[in-house]
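Structure data follow from upload-v8.cif (mmCIF, C-alpha atoms):
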```
data_entry
loop_
_atom_site.label_atom_id
_atom_site.label_comp_id
_atom_site.auth_asym_id
_atom_site.auth_seq_id
_atom_site.Cartn_x
_atom_site.Cartn_y
_atom_site.Cartn_z
CA MET H 1 104.70 174.67 149.72
CA THR H 2 104.14 171.81 152.16
CA VAL H 3 106.54 171.33 155.00
CA GLU H 4 107.99 167.85 155.17
CA PRO H 5 107.05 166.45 158.58
CA ILE H 6 109.72 165.34 161.00
CA PRO H 7 109.62 161.54 161.26
CA PRO H 8 109.57 159.85 164.68
CA PHE H 9 113.18 159.69 165.89
CA GLU H 10 113.15 155.88 165.82
CA ARG H 11 112.55 155.88 162.07
CA PHE H 12 115.28 158.46 161.45
CA TYR H 13 117.66 156.47 163.66
CA LEU H 14 116.99 153.13 161.91
CA ALA H 15 117.39 154.77 158.50
CA HIS H 16 120.83 156.22 159.24
CA ARG H 17 122.52 154.39 162.11
CA ASP H 18 124.42 151.84 160.00
CA GLU H 19 125.56 154.31 157.38
CA VAL H 20 126.78 156.78 159.98
CA LEU H 21 128.70 154.05 161.77
CA GLY H 22 130.36 153.12 158.47
CA TYR H 23 131.27 156.75 157.88
CA LEU H 24 132.78 157.15 161.34
CA ARG H 25 134.69 153.86 160.99
CA ARG H 26 136.27 155.26 157.85
CA LEU H 27 137.24 158.45 159.62
CA LEU H 28 138.13 157.12 163.06
CA GLY H 29 138.72 153.38 162.76
CA GLN H 30 138.10 151.50 165.99
CA ARG H 31 137.37 154.70 167.92
CA ALA H 32 134.16 155.08 165.94
CA ASP H 33 131.77 153.48 168.45
CA ASP H 34 131.93 156.28 171.00
CA ALA H 35 131.69 158.92 168.28
CA TRP H 36 128.70 157.10 166.80
CA GLN H 37 126.84 157.14 170.12
CA GLU H 38 127.70 160.79 170.65
CA THR H 39 126.43 161.58 167.15
CA PHE H 40 122.99 160.11 167.79
CA LEU H 41 122.78 161.58 171.29
CA ARG H 42 123.47 165.03 169.82
CA ALA H 43 120.87 164.37 167.13
CA LEU H 44 118.30 163.31 169.72
CA ARG H 45 119.02 166.33 171.93
CA ALA H 46 118.35 168.65 169.01
CA TYR H 47 115.61 166.62 167.33
CA ASP H 48 112.60 168.38 168.85
CA ARG H 49 113.93 171.74 167.68
CA LEU H 50 114.03 170.78 164.00
CA GLN H 51 111.75 172.89 161.85
CA HIS H 52 111.13 170.31 159.12
CA GLY H 53 112.14 166.82 158.01
CA ARG H 54 114.16 167.75 154.94
CA HIS H 55 117.85 166.88 154.52
CA LEU H 56 118.00 164.74 157.64
CA ARG H 57 120.68 162.53 156.11
CA ALA H 58 122.92 165.53 155.48
CA TRP H 59 122.08 166.83 158.95
CA VAL H 60 123.21 163.66 160.72
CA PHE H 61 126.36 163.55 158.61
CA THR H 62 127.00 167.12 159.71
CA ILE H 63 126.80 166.06 163.33
CA ALA H 64 128.92 162.96 162.73
CA THR H 65 131.52 165.08 160.94
CA ASN H 66 131.69 167.53 163.83
CA VAL H 67 132.10 164.73 166.34
CA ALA H 68 134.76 163.08 164.15
CA LEU H 69 136.66 166.32 163.57
CA ASP H 70 136.76 166.97 167.32
CA ASP H 71 138.15 163.49 167.79
CA LEU H 72 140.66 163.74 164.94
CA ARG H 73 141.96 167.13 166.08
CA ALA H 74 142.46 165.70 169.55
CA LYS H 75 144.27 162.65 168.26
CA THR H 76 146.05 163.59 165.04
CA SER H 77 149.12 161.65 166.08
CA ASP H 78 147.17 158.39 165.68
CA THR H 79 146.60 158.85 161.98
CA LEU H 80 148.39 156.94 159.28
CA GLU H 81 151.26 158.32 157.27
CA PRO H 82 150.16 158.68 153.66
CA GLY H 83 153.55 157.51 152.50
CA ASP H 84 152.72 154.02 153.78
CA GLU H 85 150.05 153.63 151.16
CA PRO H 86 150.47 152.11 147.71
CA ALA H 87 150.54 154.50 144.78
CA VAL H 88 147.19 154.10 143.14
CA GLU H 89 144.87 156.81 141.98
CA LEU H 90 142.15 157.75 144.48
CA ARG H 91 139.10 156.99 142.38
CA ARG H 92 140.21 153.43 141.84
CA TYR H 93 140.02 152.77 145.53
CA ALA H 94 137.09 150.78 146.75
CA PHE H 95 134.76 152.68 149.01
CA ARG H 96 135.86 150.79 152.11
CA GLU H 97 139.50 151.65 151.59
CA LEU H 98 139.01 155.37 151.94
CA GLU H 99 139.57 155.21 155.67
CA HIS H 100 143.02 153.77 155.22
CA LEU H 101 143.95 156.04 152.36
CA THR H 102 142.84 159.35 153.84
CA GLY H 103 144.40 158.82 157.26
CA GLY H 104 147.16 161.37 156.71
CA LEU H 105 144.97 164.23 155.52
CA PRO H 106 144.09 167.24 157.66
CA PRO H 107 140.70 166.53 159.31
CA THR H 108 138.58 168.88 157.19
CA GLU H 109 140.04 167.61 153.92
CA ARG H 110 139.62 164.05 155.10
CA ALA H 111 135.94 164.59 155.90
CA ALA H 112 135.39 166.38 152.57
CA VAL H 113 137.06 163.58 150.59
CA VAL H 114 135.16 160.83 152.40
CA LEU H 115 131.79 162.59 152.13
CA ARG H 116 132.34 163.35 148.44
CA TYR H 117 133.91 160.13 147.20
CA GLY H 118 132.74 157.67 149.82
CA TYR H 119 129.17 158.92 150.32
CA ASP H 120 128.54 160.81 147.13
CA LEU H 121 127.14 163.80 149.01
CA PRO H 122 126.74 166.96 146.90
CA TYR H 123 129.06 169.84 147.80
CA ALA H 124 126.15 171.90 149.18
CA GLN H 125 125.56 169.22 151.84
CA ILE H 126 129.26 168.74 152.49
CA ALA H 127 129.44 172.49 153.05
CA ASP H 128 126.68 172.16 155.66
CA ALA H 129 128.52 169.28 157.27
CA LEU H 130 131.77 171.22 157.44
CA GLY H 131 130.14 174.52 158.38
CA SER H 132 131.72 176.19 155.38
CA SER H 133 130.71 177.56 152.00
CA GLU H 134 130.19 175.28 149.03
CA ASP H 135 133.33 176.68 147.42
CA ALA H 136 135.33 175.94 150.55
CA ALA H 137 133.98 172.38 150.63
CA ARG H 138 134.94 171.91 146.98
CA ALA H 139 138.37 173.35 147.70
CA ALA H 140 138.86 171.07 150.73
CA ALA H 141 137.96 167.97 148.72
CA SER H 142 140.16 168.87 145.77
CA SER H 143 143.03 169.89 148.01
CA GLY H 144 142.67 166.54 149.78
CA VAL H 145 142.72 164.71 146.47
CA ARG H 146 145.79 166.72 145.30
CA ARG H 147 147.55 165.95 148.53
CA LEU H 148 146.80 162.24 148.18
CA ARG H 149 148.00 162.24 144.57
CA SER H 150 151.29 163.87 145.43
CA ALA H 151 151.75 161.68 148.51
CA HIS H 152 151.25 158.61 146.36
CA SER H 153 153.19 160.02 143.37
CA VAL H 154 150.28 159.29 141.09
CA ARG H 155 150.58 160.50 137.53
CA PRO H 156 148.57 159.80 134.40
CA SER H 157 149.84 156.55 132.90
CA LYS H 158 150.99 158.13 129.64
CA GLU H 159 153.50 160.20 131.60
CA SER H 160 154.87 157.14 133.34
CA PRO H 161 158.35 156.06 132.35
CA MET D 1 128.52 148.51 158.53
CA ASN D 2 125.77 147.24 160.81
CA VAL D 3 125.33 148.55 164.32
CA THR D 4 125.63 145.62 166.74
CA PRO D 5 122.78 144.89 169.19
CA ASP D 6 125.14 145.80 172.02
CA LEU D 7 126.01 149.21 170.56
CA ASP D 8 122.34 149.82 169.80
CA ALA D 9 121.28 148.94 173.36
CA ARG D 10 123.98 151.19 174.83
CA PHE D 11 122.72 154.13 172.79
CA ARG D 12 119.11 153.55 173.83
CA ASP D 13 120.12 153.28 177.50
CA ALA D 14 122.20 156.45 177.31
CA ALA D 15 119.32 158.35 175.68
CA LEU D 16 116.89 157.29 178.39
CA ARG D 17 119.34 158.05 181.21
CA GLU D 18 119.82 161.53 179.82
CA GLY D 19 116.06 162.13 179.77
CA ILE D 20 115.92 163.26 176.14
CA VAL D 21 113.18 160.86 175.02
CA ASP D 22 109.58 162.10 174.76
CA VAL D 23 108.00 158.68 174.50
CA ARG D 24 109.27 155.11 174.33
CA PHE D 25 107.56 152.07 172.91
CA ASP D 26 107.84 148.33 172.88
CA GLU D 27 105.94 145.30 171.67
CA VAL D 28 104.63 142.77 174.15
CA ASP D 29 103.54 139.27 173.13
CA SER D 30 100.24 138.14 174.57
CA PRO D 31 97.68 135.36 174.04
CA ILE D 32 95.60 137.81 171.98
CA GLY D 33 98.54 138.78 169.76
CA SER D 34 101.36 141.27 169.84
CA LEU D 35 100.53 144.51 171.68
CA PHE D 36 102.13 147.85 170.92
CA VAL D 37 102.76 149.65 174.23
CA ALA D 38 104.13 153.15 174.85
CA ALA D 39 105.03 155.24 177.88
CA THR D 40 106.27 158.71 178.74
CA ASP D 41 108.14 159.68 181.89
CA ARG D 42 104.73 160.17 183.50
CA GLY D 43 103.43 156.71 182.74
CA LEU D 44 101.83 154.29 180.31
CA CYS D 45 100.17 156.29 177.53
CA ARG D 46 99.19 153.82 174.81
CA ILE D 47 98.30 150.23 174.14
CA SER D 48 97.37 149.30 170.61
CA PHE D 49 96.41 146.07 168.87
CA TRP D 50 97.77 147.48 165.61
CA PRO D 51 101.37 148.76 165.52
CA GLU D 52 101.10 150.24 162.01
CA GLY D 53 101.37 154.01 162.12
CA MET D 54 101.62 154.12 165.91
CA GLU D 55 105.07 155.72 165.91
CA ASP D 56 103.60 158.65 163.97
CA VAL D 57 100.70 158.88 166.41
CA LEU D 58 103.18 159.00 169.29
CA ALA D 59 105.25 161.69 167.56
CA ARG D 60 102.16 163.86 167.00
CA THR D 61 100.81 163.40 170.51
CA TYR D 62 103.83 163.29 172.81
CA GLY D 63 106.74 164.67 170.76
CA VAL D 64 109.01 163.52 167.93
CA ARG D 65 111.69 162.04 170.19
CA VAL D 66 110.16 158.56 169.91
CA LEU D 67 112.45 155.65 170.78
CA ARG D 68 111.95 151.91 171.06
CA SER D 69 112.99 150.66 174.46
CA PRO D 70 112.00 147.79 176.78
CA LEU D 71 109.04 148.64 179.03
CA ASP D 72 109.62 145.97 181.65
CA ALA D 73 106.98 146.99 184.20
CA VAL D 74 104.28 147.17 181.53
CA ARG D 75 105.32 143.81 180.14
CA ARG D 76 105.30 142.24 183.60
CA GLU D 77 101.84 143.49 184.56
CA LEU D 78 100.36 142.45 181.21
CA ASP D 79 101.96 139.00 181.52
CA GLU D 80 100.45 138.64 184.98
CA TYR D 81 97.05 139.80 183.76
CA PHE D 82 97.03 137.29 180.92
CA ALA D 83 98.23 134.55 183.28
CA GLY D 84 95.19 135.29 185.45
CA SER D 85 97.25 136.34 188.45
CA ARG D 86 96.57 140.09 188.20
CA ARG D 87 93.14 141.71 188.45
CA THR D 88 94.07 145.39 188.68
CA PHE D 89 96.97 147.32 187.19
CA ASP D 90 99.35 149.40 189.29
CA LEU D 91 101.01 151.20 186.37
CA PRO D 92 100.99 155.01 186.44
CA LEU D 93 99.13 156.38 183.41
CA ASP D 94 99.73 159.41 181.23
CA LEU D 95 96.30 160.20 179.87
CA ARG D 96 96.05 163.16 177.49
CA VAL D 97 92.43 163.40 176.42
CA ALA D 98 89.61 165.93 176.45
CA PRO D 99 87.87 166.50 179.82
CA PHE D 100 84.74 164.48 178.97
CA HIS D 101 86.89 161.57 177.82
CA ALA D 102 88.94 161.80 181.01
CA ASP D 103 85.77 161.70 183.15
CA VAL D 104 84.47 158.65 181.33
CA LEU D 105 87.81 156.82 181.39
CA ARG D 106 88.15 157.51 185.11
CA GLU D 107 84.76 155.87 185.72
CA LEU D 108 85.67 153.07 183.33
CA ALA D 109 88.75 152.28 185.40
CA LEU D 110 86.44 151.54 188.34
CA VAL D 111 84.47 148.80 186.57
CA PRO D 112 85.64 145.66 188.40
CA TYR D 113 87.49 142.71 186.90
CA GLY D 114 85.16 140.08 185.50
CA ARG D 115 82.11 142.38 185.48
CA THR D 116 80.39 144.15 182.63
CA GLU D 117 78.67 147.51 182.48
CA THR D 118 76.51 149.07 179.76
CA TYR D 119 77.36 152.20 177.80
CA GLY D 120 74.25 153.84 179.26
CA ALA D 121 75.18 152.98 182.85
CA LEU D 122 78.68 154.41 182.37
CA ALA D 123 77.13 157.57 180.86
CA ALA D 124 74.89 157.91 183.91
CA LYS D 125 77.90 157.61 186.22
CA VAL D 126 79.51 160.68 184.67
CA GLY D 127 76.23 162.58 184.97
CA ARG D 128 75.29 162.32 181.29
CA PRO D 129 72.65 159.54 181.29
CA ARG D 130 71.63 160.23 177.68
CA ALA D 131 75.20 160.20 176.35
CA ALA D 132 75.54 156.43 175.76
CA ARG D 133 76.60 157.06 172.17
CA ALA D 134 79.24 159.59 173.22
CA VAL D 135 80.52 157.07 175.77
CA GLY D 136 80.79 154.59 172.89
CA THR D 137 83.03 157.07 171.09
CA VAL D 138 85.21 157.42 174.18
CA MET D 139 85.53 153.62 174.37
CA ASN D 140 86.37 153.51 170.69
CA ARG D 141 89.22 156.00 171.20
CA ASN D 142 90.45 154.59 174.48
CA PRO D 143 94.24 155.09 174.28
CA ILE D 144 95.02 152.37 176.84
CA PRO D 145 92.70 149.39 176.28
CA ILE D 146 92.99 146.35 178.56
CA VAL D 147 94.43 148.51 181.39
CA LEU D 148 91.45 150.88 181.02
CA PRO D 149 88.97 148.04 180.61
CA CYS D 150 86.68 149.13 177.78
CA HIS D 151 86.22 145.43 176.99
CA ARG D 152 83.93 145.36 180.05
CA ILE D 153 81.47 147.79 178.48
CA VAL D 154 78.65 146.13 176.54
CA GLY D 155 75.38 147.04 174.84
CA ALA D 156 72.09 147.47 176.75
CA ASN D 157 71.06 143.92 175.77
CA GLY D 158 74.41 142.53 176.86
CA SER D 159 75.79 142.17 173.31
CA LEU D 160 79.47 142.88 172.88
CA THR D 161 78.80 145.66 170.32
CA GLY D 162 82.35 146.61 169.27
CA TYR D 163 86.03 146.63 170.16
CA ALA D 164 89.24 148.12 168.73
CA GLY D 165 90.92 144.72 168.86
CA GLY D 166 87.91 142.97 167.32
CA LEU D 167 84.93 141.31 168.99
CA ASP D 168 86.79 138.01 169.31
CA VAL D 169 89.46 139.68 171.45
CA LYS D 170 86.79 141.37 173.57
CA ARG D 171 85.13 137.98 174.14
CA ARG D 172 88.43 136.34 175.04
CA LEU D 173 89.33 139.07 177.55
CA LEU D 174 85.94 138.70 179.25
CA GLN D 175 86.29 134.92 179.26
CA LEU D 176 89.76 135.25 180.79
CA GLU D 177 88.21 137.34 183.55
CA GLY D 178 85.41 134.83 184.02
CA ALA D 179 82.68 137.31 183.10
CA THR D 180 79.21 136.03 182.30
CA LEU D 181 78.48 136.54 178.61
CA VAL D 182 75.05 136.54 177.03
#
```

Translate the structure described by the file into structure tokens.
Amino acid sequence: MTVEPIPPFERFYLAHRDEVLGYLRRLLGQRADDAWQETFLRALRAYDRLQHGRHLRAWVFTIATNVALDDLRAKTSDTLEPGDEPAVELRRYAFRELEHLTGGLPPTERAAVVLRYGYDLPYAQIADALGSSEDAARAAASSGVRRLRSAHSVRPSKESP
Amino acid sequence: MNVTPDLDARFRDAALREGIVDVRFDEVDSPIGSLFVAATDRGLCRISFWPEGMEDVLARTYGVRVLRSPLDAVRRELDEYFAGSRRTFDLPLDLRVAPFHADVLRELALVPYGRTETYGALAAKVGRPRAARAVGTVMNRNPIPIVLPCHRIVGANGSLTGYAGGLDVKRRLLQLEGATLV
């Protein structure tokens, strides 16, 4: 089996910088810039210790998630109240609205929901990002979705009055 | 969500300040075309006429933490050279080559501005008078052309012979320096 070589950092950085900024904006809003810089500094510090060039996208999302969770845990009071949001089912939300919608979730659930529904990452990679098992990542995402549904009183239309 | 130039520049500055970059590179415009230039903390390590694939070369040679970043001192000295106001370079160099190559390149650096030398004469200076062909190989793989002036090395009959940037570039560099060409 051939080992995928590690690309020059510049190439890795150009490939992921915009997407990671978008992700952090969704999680942190205007505080994202500092977290974004910290994400790529952490990546650069660790870059020469990588063993291969596989899964670099998931790896940088892992770092970004850790940075964002640190920030969110420190500043949970800044987050939005879910009750302020309109009652519409999660999957109908446009990608860019996830930030607004998930503001009231606990940090881990928020990251799991955004990575799953916003970035379409498989649960194995979300598990890496969250430092948990795949089952735990799945549970965090579905718990986040359940919480959003109940916060927004969303029910299947046929049950609506 | 595009990273703004300001945010990008702040990241690159922070990375350099923290000393976590193995090698940085830049592109410098010149009368002979765009030049790819690279430096480590120790000094200038590469100049190339062809940027394609150079980031991979840097990663293999100096480490994977390769980052684009302005190399102001290199740019300034090259600008001065091409303007005709600089005859020798003061840039520190980071030369990572085999011992024979290092010997030859050290002698090469002593060939004066505007003068030419033959492959055979350079071979003799490093004590290998019959190694003209090997000296040609060293010139061919010179990691820092222009600053290490392999354009000043010509065939025994004075013909230009070869150059990484093409014979036309070699001719123009020698003309810039006012060298006598056959």

Q.
Residues of chain D were defined as contacting chain H if any atom lay at most 9 Å from it, counting only C-alpha atoms; please report them as a PyMOL selection string.
A. chain D and resi 1-3+7-8+10-11+14-15+20-21+55-56+58-60+63-68

C-alpha atoms of the current selection, written as an mmCIF file, in the coordinates of the input:
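Below is the file part29.cif, written as the result:
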```cif
data_model
loop_
_atom_site.group_PDB
_atom_site.id
_atom_site.type_symbol
_atom_site.label_atom_id
_atom_site.label_comp_id
_atom_site.auth_asym_id
_atom_site.auth_seq_id
_atom_site.Cartn_x
_atom_site.Cartn_y
_atom_site.Cartn_z
ATOM 1 C CA MET D 1 128.520 148.510 158.530
ATOM 2 C CA ASN D 2 125.770 147.240 160.810
ATOM 3 C CA VAL D 3 125.330 148.550 164.320
ATOM 4 C CA LEU D 7 126.010 149.210 170.560
ATOM 5 C CA ASP D 8 122.340 149.820 169.800
ATOM 6 C CA ARG D 10 123.980 151.190 174.830
ATOM 7 C CA PHE D 11 122.720 154.130 172.790
ATOM 8 C CA ALA D 14 122.200 156.450 177.310
ATOM 9 C CA ALA D 15 119.320 158.350 175.680
ATOM 10 C CA ILE D 20 115.920 163.260 176.140
ATOM 11 C CA VAL D 21 113.180 160.860 175.020
ATOM 12 C CA GLU D 55 105.070 155.720 165.910
ATOM 13 C CA ASP D 56 103.600 158.650 163.970
ATOM 14 C CA LEU D 58 103.180 159.000 169.290
ATOM 15 C CA ALA D 59 105.250 161.690 167.560
ATOM 16 C CA ARG D 60 102.160 163.860 167.000
ATOM 17 C CA GLY D 63 106.740 164.670 170.760
ATOM 18 C CA VAL D 64 109.010 163.520 167.930
ATOM 19 C CA ARG D 65 111.690 162.040 170.190
ATOM 20 C CA VAL D 66 110.160 158.560 169.910
ATOM 21 C CA LEU D 67 112.450 155.650 170.780
ATOM 22 C CA ARG D 68 111.950 151.910 171.060
#
```

Surrounding residues of region 123-131 of chain H excluding itself and chain neighbours under 4 positions, 9 Å, only C-alpha atoms, as an mmCIF file with C-alpha atoms, in the frame of the given file:
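Saved result, part-v4.cif, follows:
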```cif
data_model
loop_
_atom_site.group_PDB
_atom_site.id
_atom_site.type_symbol
_atom_site.label_atom_id
_atom_site.label_comp_id
_atom_site.auth_asym_id
_atom_site.auth_seq_id
_atom_site.Cartn_x
_atom_site.Cartn_y
_atom_site.Cartn_z
ATOM 1 C CA HIS H 55 117.850 166.880 154.520
ATOM 2 C CA ALA H 58 122.920 165.530 155.480
ATOM 3 C CA TRP H 59 122.080 166.830 158.950
ATOM 4 C CA VAL H 60 123.210 163.660 160.720
ATOM 5 C CA PHE H 61 126.360 163.550 158.610
ATOM 6 C CA THR H 62 127.000 167.120 159.710
ATOM 7 C CA ILE H 63 126.800 166.060 163.330
ATOM 8 C CA ALA H 64 128.920 162.960 162.730
ATOM 9 C CA THR H 65 131.520 165.080 160.940
ATOM 10 C CA ASN H 66 131.690 167.530 163.830
ATOM 11 C CA THR H 108 138.580 168.880 157.190
ATOM 12 C CA ALA H 111 135.940 164.590 155.900
ATOM 13 C CA ALA H 112 135.390 166.380 152.570
ATOM 14 C CA LEU H 115 131.790 162.590 152.130
ATOM 15 C CA ARG H 116 132.340 163.350 148.440
ATOM 16 C CA ASP H 135 133.330 176.680 147.420
ATOM 17 C CA ALA H 136 135.330 175.940 150.550
ATOM 18 C CA ALA H 137 133.980 172.380 150.630
ATOM 19 C CA ARG H 138 134.940 171.910 146.980
#
```

Determine the residue set returned by the PyMOL selection byres ((chain D and resi 165-180) around 9) for the present structure, and present it as a compact mmCIF listing (two decimals) with C-alpha atoms, in the coordinates of the input.
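Okay, expr15.txt is ready:
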```
# COMPACT_ATOMS: atom_id res chain seq x y z
CA ILE D 32 95.60 137.81 171.98
CA SER D 48 97.37 149.30 170.61
CA PHE D 49 96.41 146.07 168.87
CA TRP D 50 97.77 147.48 165.61
CA PHE D 82 97.03 137.29 180.92
CA ALA D 83 98.23 134.55 183.28
CA GLY D 84 95.19 135.29 185.45
CA ARG D 87 93.14 141.71 188.45
CA TYR D 113 87.49 142.71 186.90
CA GLY D 114 85.16 140.08 185.50
CA ARG D 115 82.11 142.38 185.48
CA THR D 116 80.39 144.15 182.63
CA PRO D 145 92.70 149.39 176.28
CA ILE D 146 92.99 146.35 178.56
CA CYS D 150 86.68 149.13 177.78
CA HIS D 151 86.22 145.43 176.99
CA ARG D 152 83.93 145.36 180.05
CA LEU D 160 79.47 142.88 172.88
CA THR D 161 78.80 145.66 170.32
CA GLY D 162 82.35 146.61 169.27
CA TYR D 163 86.03 146.63 170.16
CA ALA D 164 89.24 148.12 168.73
CA LEU D 181 78.48 136.54 178.61
CA VAL D 182 75.05 136.54 177.03
```

(Q) I want to know what sits within 10 Å of Arg75 (chain D), based on all atoms listed in the file, with residues of the same chain fewer than 6 positions away left out; could you give that as a PyMOL selection string? (A) chain D and resi 26-30+35+37+81

(Q) Taking only C-alpha atoms into account, name the residue in H:His16, H:Arg57, H:Arg26, H:His152 that is nearest to Tyr117 (chain H). (A) H:Arg26

Q) Quick one: which residues end up in the PyMOL selection byres ((chain D and resi 117) around 10) for this structure, as an MDAnalysis selection string? A) chainID D and resid 108 111:112 115:116 118:122 150:156 158

Q | Straight-line distance linking CA of Pro122 (chain H) with CA of Ala141 (chain H), stated in Å to one decimal | A | 11.4 Å

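Taking CA of Thr102 (chain H) as the reference point, CA of Gly144 (chain H) is found at 8.3 Å.
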
**Q.** Distance in Å - CA of Asp70 (chain H) versus CA of Pro5 (chain D)
**A.** 26.2 Å

Q. Residues picked by the PyMOL selection byres ((chain D and resi 94) around 12) here, as JSON, numbers by chain?
A. {"D": [23, 38, 39, 40, 41, 42, 43, 44, 45, 46, 47, 61, 62, 91, 92, 93, 95, 96, 97, 102, 143, 144, 148]}

Could you give me region 103-122 of chain H completed to N, CA and C atoms, formatted as a short mmCIF file (atom, residue, chain, number, x, y, z; two decimals), in the frame of the given file?
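Writing the result to part.cif gives the following:
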```
data_model
loop_
_atom_site.label_atom_id
_atom_site.label_comp_id
_atom_site.auth_asym_id
_atom_site.auth_seq_id
_atom_site.Cartn_x
_atom_site.Cartn_y
_atom_site.Cartn_z
N GLY H 103 143.96 158.66 155.88
CA GLY H 103 144.40 158.82 157.26
C GLY H 103 145.36 159.98 157.49
N GLY H 104 146.17 160.33 156.50
CA GLY H 104 147.16 161.37 156.71
C GLY H 104 146.69 162.78 156.39
N LEU H 105 145.46 162.91 155.90
CA LEU H 105 144.97 164.23 155.52
C LEU H 105 144.58 165.07 156.74
N PRO H 106 144.66 166.39 156.62
CA PRO H 106 144.09 167.24 157.66
C PRO H 106 142.60 166.90 157.82
N PRO H 107 142.06 167.00 159.04
CA PRO H 107 140.70 166.53 159.31
C PRO H 107 139.63 167.06 158.36
N THR H 108 139.64 168.34 158.05
CA THR H 108 138.58 168.88 157.19
C THR H 108 138.67 168.30 155.78
N GLU H 109 139.88 168.19 155.26
CA GLU H 109 140.04 167.61 153.92
C GLU H 109 139.63 166.14 153.93
N ARG H 110 139.97 165.46 155.01
CA ARG H 110 139.62 164.05 155.10
C ARG H 110 138.10 163.87 155.08
N ALA H 111 137.40 164.68 155.87
CA ALA H 111 135.94 164.59 155.90
C ALA H 111 135.36 164.93 154.53
N ALA H 112 135.91 165.97 153.89
CA ALA H 112 135.39 166.38 152.57
C ALA H 112 135.60 165.27 151.55
N VAL H 113 136.78 164.66 151.56
CA VAL H 113 137.06 163.58 150.59
C VAL H 113 136.14 162.38 150.84
N VAL H 114 135.99 162.01 152.11
CA VAL H 114 135.16 160.83 152.40
C VAL H 114 133.69 161.09 152.08
N LEU H 115 133.21 162.28 152.42
CA LEU H 115 131.79 162.59 152.13
C LEU H 115 131.54 162.66 150.62
N ARG H 116 132.52 163.21 149.88
CA ARG H 116 132.34 163.35 148.44
C ARG H 116 132.49 162.02 147.73
N TYR H 117 133.60 161.34 147.98
CA TYR H 117 133.91 160.13 147.20
C TYR H 117 133.38 158.86 147.84
N GLY H 118 133.24 158.86 149.15
CA GLY H 118 132.74 157.67 149.82
C GLY H 118 131.22 157.67 149.88
N TYR H 119 130.61 158.85 150.10
CA TYR H 119 129.17 158.92 150.32
C TYR H 119 128.44 159.66 149.23
N ASP H 120 129.17 160.21 148.28
CA ASP H 120 128.54 160.81 147.13
C ASP H 120 127.62 161.97 147.50
N LEU H 121 127.94 162.65 148.60
CA LEU H 121 127.14 163.80 149.01
C LEU H 121 127.47 164.98 148.10
N PRO H 122 126.46 165.76 147.70
CA PRO H 122 126.74 166.96 146.90
C PRO H 122 127.50 167.99 147.75
#
```
